[in-house]
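*Asks:* Take a look at the following structure, please.
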Amino acid sequence: MNEIFCKHLLEYRKRAGYSQKDMSGKLLIEESLYSQYENGTAEPGFDALIRIADVLKCSLDELLGRNSDYRNSWIDSGVVREEQVLYGRPRDKKKVLIGLQDFRRLRELHAYYVDKTMMIGEFLDSSYQITLITRPRRFGKTMNMSMLAEFLDCTKDSRMIFEGTRVSRTEWMTELNQCPVIFLSLLEIKSDTAEGMLWQLSGRIREEYKRYYNMLNSGKLSGDQVEEFNHIYDVLTYVQSKEQWKNCIIRSILVLCEVLSLYYGKNVYLLIDEYDTPFMSANTNGYYSEVRSVLAGFLSTSLKGNPYLERAMLTGIQRVAKENIFSGLNNLTVLTVNDSEYEDCFGFTEEEVRKLLDDFDLEFTDEVKETYDGYRFGNKDIYNPWSVTNYAVRKRLAPYWVNTAENSILKDALRERGTTFEKEYNELIETGEITTVVSLTTAYYEHQSDASLWGLMVNAGMLTVKEIMGDDYYTLRIPNQEVWSAFRELTAFSLQIDEGDMQKLFMELIRGNIDEFAERYQNILLTLPSYHDLQCENSYHMMVLGMCVFQQKNYIIESNRENGNGRADLLMRAKRSGYPNMILEFKYTKDKKEDLDKLAASAVEQMKDKKYDVNLDTPVYYIGLSHCGKQAAVYYQKS
């Protein structure tokens with residue numbers, strides 16, 4: 001047999017985790033004969049070749065080295081390309097299905113897939129019975145949970161679905177379709193009302209009951225078990241009493257686990273995707289207190305002391321507050337973005353991004369990295385998968401990622417937090433990072449504090465951990481340019497100023513249209529909802545600093561930094577060639593008779609006298625802004 005076959009036989013055997021003795025046992029031949037296959041001193045017949053390919057979960061083409069270059073490239077990178085063999089036949093056209101989150105459907109349609117199937121092995125090899133993984137929305141949680149469910153579920157035949165994937169060449173394939181599975185994706189369980197949300201949850205649970213309904217006639221279950229199963233199913237379908245309905249929701253998964261365990265003779269895998277969506281919806285829409293006990297009871301009863309549970313995995317945005325939601329649940333392991341477990345399973349690594357863009361004839365550039373990179377999960381640098389995939393299809397760099405549910409909470413929080421948070425938020429907007437106390441252990445909707453709000457921003461993907469300084473003390477940073485766009489929206493909301501007005505204001509300034517800038521600035525002050533927000537010079541300073549977030553891509557913003565012989569209020573250092581450097585100085589008076597034009601001019605003289613422009617290349621704009629309540633004047637000079 002040729003050297004290529006011997007090389008590939010050895011490679012695929014090692015990938016599958018088999019020894020030569022293992023292979024001889026599976027092929028029902030002597031170990032010495034199998035060894036001769038690998039060293040080339042004996043040749044297997046055609047029937048033996050087929051058996052070898054079946055054992056190693058590969059094709060004969062792969063064993064014999066036909067078209068192996070591309071095959072090795074996607075195996076080594078972990079990226080399943082459209083050119084690879086899917087269901088045993090090649091694909092000649094790449095296809096991406098944006099938004100599809102069902103693993104089986106994705107594979108059946110031969111769609112492009114970045115292979116995350118080794119997560120299955122990590123899950124099965126884990127020491128944790130119940131695991132909660134917190135990751136931002138649209139980072140692949142639902143797809144991965146669908147993949148786990150497809151692999152484990154004993155009611156399915158998934159061998160063809162996993163053909164060609166990384167896990168198909170491992171020992172974990174012996175666990176394929178071996179156990180009962182309950183899979184609940186709560187991604188869409190949200191409503192404007194408590195009753196509406198609970199009804200949606202009932203429907204999702206009812207779907208799982210219906211999936212297993214035929215086992216009631218098997219004779220393996222007792223009369224009491226069949227009766228309770230039917231009772232819960234009926235109540236979830238036809239609500240007769242709200243109390244009875246809520247109690248059935250709380251007990252539903254425990255009861256289903258019991259009957260599945262007895263029917264199949266094996267304990268159950270429970271997978272709950274986006275478990276916190278109902279909590280987020282309840283908090284956003286103001287009915288959290290009405291449903292908290294039901295949701296907490298539902299999860300606690302399903303997970304705490306459930307003797308029919310083999311293993312469970314939950315995903316979500318927020319880390320569980322044990323003492324509030326899962327009282328007494330001691331067998332829960334929470335894996336945040338700081339933990340190394342599953343670190344490369346959610347989101348794309350740079351290697352995967354490079355491969356994906358190459359497959360779609362796009363170049364990997366610094367701009368791609370600046371726009372979509374910047375996340376840190378465990379020890380891995382991670383890209384936003386939703387945005388990179390959209391970019392591959394649309395061929396345009398743009399902010400595709402939006403977290404509307406989390407942004408609603410953040411907007412409410414920005415209204416409610418005190419001066420301490422406001423000061424730190426302004427520092428974040430100015431520098432792109434902040435060192436502060438962060439709580440990743442408490443859901444913000446359970447315990448509202450500055451620390452838990454910063455934790456929400458990390459878990460939601462708005463911030464990422466740059467450095468762990470100590471217990472609950474972190475340096476956080478804004479990950480990339482795409483997320484800066486989300487902060488522009490949040491900042492405009494907190495200032496109660498239209499985003500478009502803020503954009504136009506600074507564009508007039510950059511273009512040197514200072515009169516138009518002054519007019520727009522005055523109009524913004526006049527339309528601010530509250531006069532009482534403008535009580536001192538710092539009020540205007542902080543307002544304009546917030547507006548500077550719109551120029552983060554073009555300017556380095558420095559606030560109250562020493563420069564020359566003093567501290568400039570705002571200094572904007574241009575990042576781009578042809579953009580002017582700008583210095584802004586603020587003045588304030590309570591005297592309505594004072595000449596605001598002269599006061600603004602004195603601000604410009606102060607900048608020049610104290611040499612705030614030292615180390616700034618020309619051109620430099622000196623801009624003085626004077627204020628009295630909602631009235632303002634702007635005076636400027638150009639170097």
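If you're wondering about the labels, chains in the structure tokens are A, B, ... by order shown, residues count from 1 in each chain, ligands from 1 in order shown.
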Env of A:Ile478: 7 Å cut, atoms = only C-alpha atoms, seq-sep filter 2 positions within chain, self excluded. Answer as a tab-separated table (two decimals) with C-alpha atoms, in the first residue's frame.

*Replies:*
```
chain	number	residue	atom	x	y	z
A	432	GLY	CA	-11.91	53.56	26.62
A	433	GLU	CA	-11.20	51.77	29.90
A	462	MET	CA	-20.25	45.81	26.16
A	463	LEU	CA	-16.95	45.61	28.04
A	464	THR	CA	-14.21	43.02	28.34
A	480	ASN	CA	-13.72	47.33	19.60
A	483	VAL	CA	-19.09	48.36	20.62
A	484	TRP	CA	-18.07	52.03	20.66
```

*Asks:* Quick one: DSSP strand (DSSP E) residues in stretch 381-450 of chain A, as a ChimeraX atom specification?

*Replies:* /A:381-382,433-437

*Asks:* Here is a test: counting only C-alpha atoms, which residue of A:Tyr308, A:Gln129, A:Ala413, A:Ile468 is nearest to A:Leu332?

*Replies:* A:Gln129

*Asks:* For A:Tyr37, which of A:Arg204, A:Arg13, A:Arg396, A:Arg159 is the closest residue, counting only C-alpha atoms?

*Replies:* A:Arg13

*Asks:* Hey, what's within 10 Å of stretch 222-226 of chain A if we count only C-alpha atoms and toss same-chain stuff fewer than 3 positions away? As an MDAnalysis selection string, please?

*Replies:* chainID A and resid 213 215:217 219 229:231 255:256 258:259 262

*Asks:* Using C-alpha atoms, can you write the selected residues to a file as a PDB file, in the first residue's frame?

*Replies:*
```
ATOM      1  CA  TYR A 213     -45.904  11.489  24.669  1.00  0.00           C
ATOM      2  CA  MET A 215     -43.962   6.447  25.863  1.00  0.00           C
ATOM      3  CA  LEU A 216     -47.118   6.666  28.008  1.00  0.00           C
ATOM      4  CA  ASN A 217     -48.469   3.584  26.230  1.00  0.00           C
ATOM      5  CA  GLY A 219     -46.345  -0.139  29.940  1.00  0.00           C
ATOM      6  CA  PHE A 229     -47.597  13.441  33.180  1.00  0.00           C
ATOM      7  CA  ASN A 230     -51.043  13.922  31.596  1.00  0.00           C
ATOM      8  CA  HIS A 231     -52.134  16.316  34.341  1.00  0.00           C
ATOM      9  CA  VAL A 255     -41.647  15.065  36.508  1.00  0.00           C
ATOM     10  CA  LEU A 256     -40.463  14.735  32.913  1.00  0.00           C
ATOM     11  CA  GLU A 258     -38.501  11.025  36.288  1.00  0.00           C
ATOM     12  CA  VAL A 259     -40.578   9.380  33.557  1.00  0.00           C
ATOM     13  CA  LEU A 262     -37.649   5.147  34.165  1.00  0.00           C
TER      14      LEU A 262
END
```

*Asks:* What's around stretch 504-510 of chain A at 12 Å? Count only C-alpha atoms, leave out sequence neighbours fewer than 4 positions away in its own chain, and write the answer as a PyMOL selection string.

*Replies:* chain A and resi 497-500+514-524+544-545+547-552+554-555+572-574+576+578-584+619-623+634+636+638

*Asks:* Next, dump the selected residues to file, keeping only N, CA and C atoms, as a CSV table (one decimal), in the first residue's frame.

*Replies:*
```
chain,number,residue,atom,x,y,z
A,497,ILE,N,-29.8,63.7,24.3
A,497,ILE,CA,-29.5,64.5,23.1
A,497,ILE,C,-29.6,63.6,21.9
A,498,ASP,N,-30.1,64.0,20.8
A,498,ASP,CA,-30.3,63.2,19.6
A,498,ASP,C,-28.9,62.8,19.0
A,499,GLU,N,-28.8,61.5,18.7
A,499,GLU,CA,-27.5,61.1,18.1
A,499,GLU,C,-27.1,61.8,16.9
A,500,GLY,N,-28.0,62.1,16.0
A,500,GLY,CA,-27.7,62.8,14.8
A,500,GLY,C,-27.2,64.2,15.1
A,514,ILE,N,-17.1,76.9,12.3
A,514,ILE,CA,-17.3,77.2,13.7
A,514,ILE,C,-18.7,77.9,14.0
A,515,ASP,N,-19.1,78.8,13.1
A,515,ASP,CA,-20.4,79.5,13.2
A,515,ASP,C,-21.5,78.4,13.3
A,516,GLU,N,-21.5,77.5,12.4
A,516,GLU,CA,-22.5,76.4,12.3
A,516,GLU,C,-22.4,75.6,13.6
A,517,PHE,N,-21.2,75.3,14.1
A,517,PHE,CA,-21.0,74.6,15.3
A,517,PHE,C,-21.7,75.3,16.5
A,518,ALA,N,-21.4,76.7,16.5
A,518,ALA,CA,-22.0,77.5,17.6
A,518,ALA,C,-23.5,77.5,17.6
A,519,GLU,N,-24.1,77.5,16.4
A,519,GLU,CA,-25.5,77.5,16.3
A,519,GLU,C,-26.1,76.2,16.8
A,520,ARG,N,-25.5,75.1,16.3
A,520,ARG,CA,-26.0,73.8,16.7
A,520,ARG,C,-25.8,73.6,18.2
A,521,TYR,N,-24.7,74.0,18.8
A,521,TYR,CA,-24.4,73.9,20.2
A,521,TYR,C,-25.5,74.6,21.0
A,522,GLN,N,-25.8,75.8,20.6
A,522,GLN,CA,-26.8,76.6,21.3
A,522,GLN,C,-28.2,75.9,21.2
A,523,ASN,N,-28.5,75.3,20.0
A,523,ASN,CA,-29.8,74.6,19.9
A,523,ASN,C,-29.9,73.4,20.8
A,524,ILE,N,-28.8,72.7,21.0
A,524,ILE,CA,-28.8,71.6,21.9
A,524,ILE,C,-29.0,72.0,23.3
A,544,VAL,N,-20.2,67.9,27.0
A,544,VAL,CA,-19.4,67.8,25.8
A,544,VAL,C,-18.5,66.6,25.8
A,545,LEU,N,-17.9,66.3,26.9
A,545,LEU,CA,-17.1,65.1,27.0
A,545,LEU,C,-17.9,63.9,26.6
A,547,MET,N,-20.3,63.9,24.5
A,547,MET,CA,-20.5,64.0,23.0
A,547,MET,C,-19.3,63.5,22.3
A,548,CYS,N,-18.1,63.6,22.9
A,548,CYS,CA,-16.8,63.3,22.3
A,548,CYS,C,-16.7,61.8,21.9
A,549,VAL,N,-17.6,61.0,22.5
A,549,VAL,CA,-17.6,59.5,22.2
A,549,VAL,C,-17.9,59.3,20.7
A,550,PHE,N,-18.5,60.3,20.1
A,550,PHE,CA,-18.8,60.2,18.6
A,550,PHE,C,-17.5,60.4,17.8
A,551,GLN,N,-16.5,61.0,18.4
A,551,GLN,CA,-15.3,61.2,17.7
A,551,GLN,C,-14.1,60.3,18.1
A,552,GLN,N,-14.4,59.3,18.9
A,552,GLN,CA,-13.4,58.4,19.4
A,552,GLN,C,-12.5,57.8,18.3
A,554,ASN,N,-11.7,59.2,15.5
A,554,ASN,CA,-10.9,60.2,14.9
A,554,ASN,C,-10.0,60.9,15.8
A,555,TYR,N,-10.3,60.9,17.1
A,555,TYR,CA,-9.5,61.7,18.1
A,555,TYR,C,-9.2,60.9,19.4
A,572,MET,N,-8.4,67.5,22.1
A,572,MET,CA,-8.8,66.5,21.1
A,572,MET,C,-7.6,66.4,20.2
A,573,ARG,N,-6.8,65.3,20.3
A,573,ARG,CA,-5.7,65.0,19.5
A,573,ARG,C,-6.1,64.2,18.3
A,574,ALA,N,-5.9,64.7,17.1
A,574,ALA,CA,-6.3,64.1,15.8
A,574,ALA,C,-5.6,62.8,15.6
A,576,ARG,N,-6.2,61.2,12.6
A,576,ARG,CA,-6.2,61.1,11.2
A,576,ARG,C,-5.5,62.3,10.6
A,578,GLY,N,-4.9,65.3,8.3
A,578,GLY,CA,-5.9,66.3,7.7
A,578,GLY,C,-6.9,66.8,8.7
A,579,TYR,N,-7.0,66.1,9.9
A,579,TYR,CA,-8.0,66.5,10.9
A,579,TYR,C,-7.3,67.5,11.8
A,580,PRO,N,-8.0,68.6,12.2
A,580,PRO,CA,-7.4,69.6,13.1
A,580,PRO,C,-7.3,69.1,14.6
A,581,ASN,N,-6.3,69.5,15.3
A,581,ASN,CA,-6.3,69.3,16.7
A,581,ASN,C,-7.2,70.4,17.3
A,582,MET,N,-7.8,70.1,18.4
A,582,MET,CA,-8.7,71.1,19.0
A,582,MET,C,-8.6,71.1,20.5
A,583,ILE,N,-8.7,72.4,21.1
A,583,ILE,CA,-8.7,72.6,22.5
A,583,ILE,C,-9.9,73.3,22.9
A,584,LEU,N,-10.7,72.8,23.8
A,584,LEU,CA,-11.9,73.4,24.3
A,584,LEU,C,-11.8,73.8,25.7
A,619,PRO,N,-3.0,72.0,12.0
A,619,PRO,CA,-3.7,73.2,12.5
A,619,PRO,C,-4.2,72.8,13.9
A,620,VAL,N,-4.4,73.9,14.8
A,620,VAL,CA,-5.0,73.8,16.1
A,620,VAL,C,-6.2,74.8,16.1
A,621,TYR,N,-7.3,74.3,16.6
A,621,TYR,CA,-8.5,75.2,16.8
A,621,TYR,C,-8.5,75.5,18.3
A,622,TYR,N,-8.6,76.7,18.7
A,622,TYR,CA,-8.8,77.1,20.1
A,622,TYR,C,-10.3,77.6,20.2
A,623,ILE,N,-11.0,76.8,21.0
A,623,ILE,CA,-12.5,77.1,21.1
A,623,ILE,C,-12.8,77.4,22.5
A,634,VAL,N,-19.7,81.1,21.6
A,634,VAL,CA,-18.5,80.4,21.2
A,634,VAL,C,-17.6,81.4,20.5
A,636,TYR,N,-13.5,81.5,18.8
A,636,TYR,CA,-12.5,80.6,18.4
A,636,TYR,C,-11.4,81.3,17.6
A,638,LYS,N,-7.9,80.0,14.9
A,638,LYS,CA,-7.2,78.9,14.3
A,638,LYS,C,-5.7,79.2,14.2
```
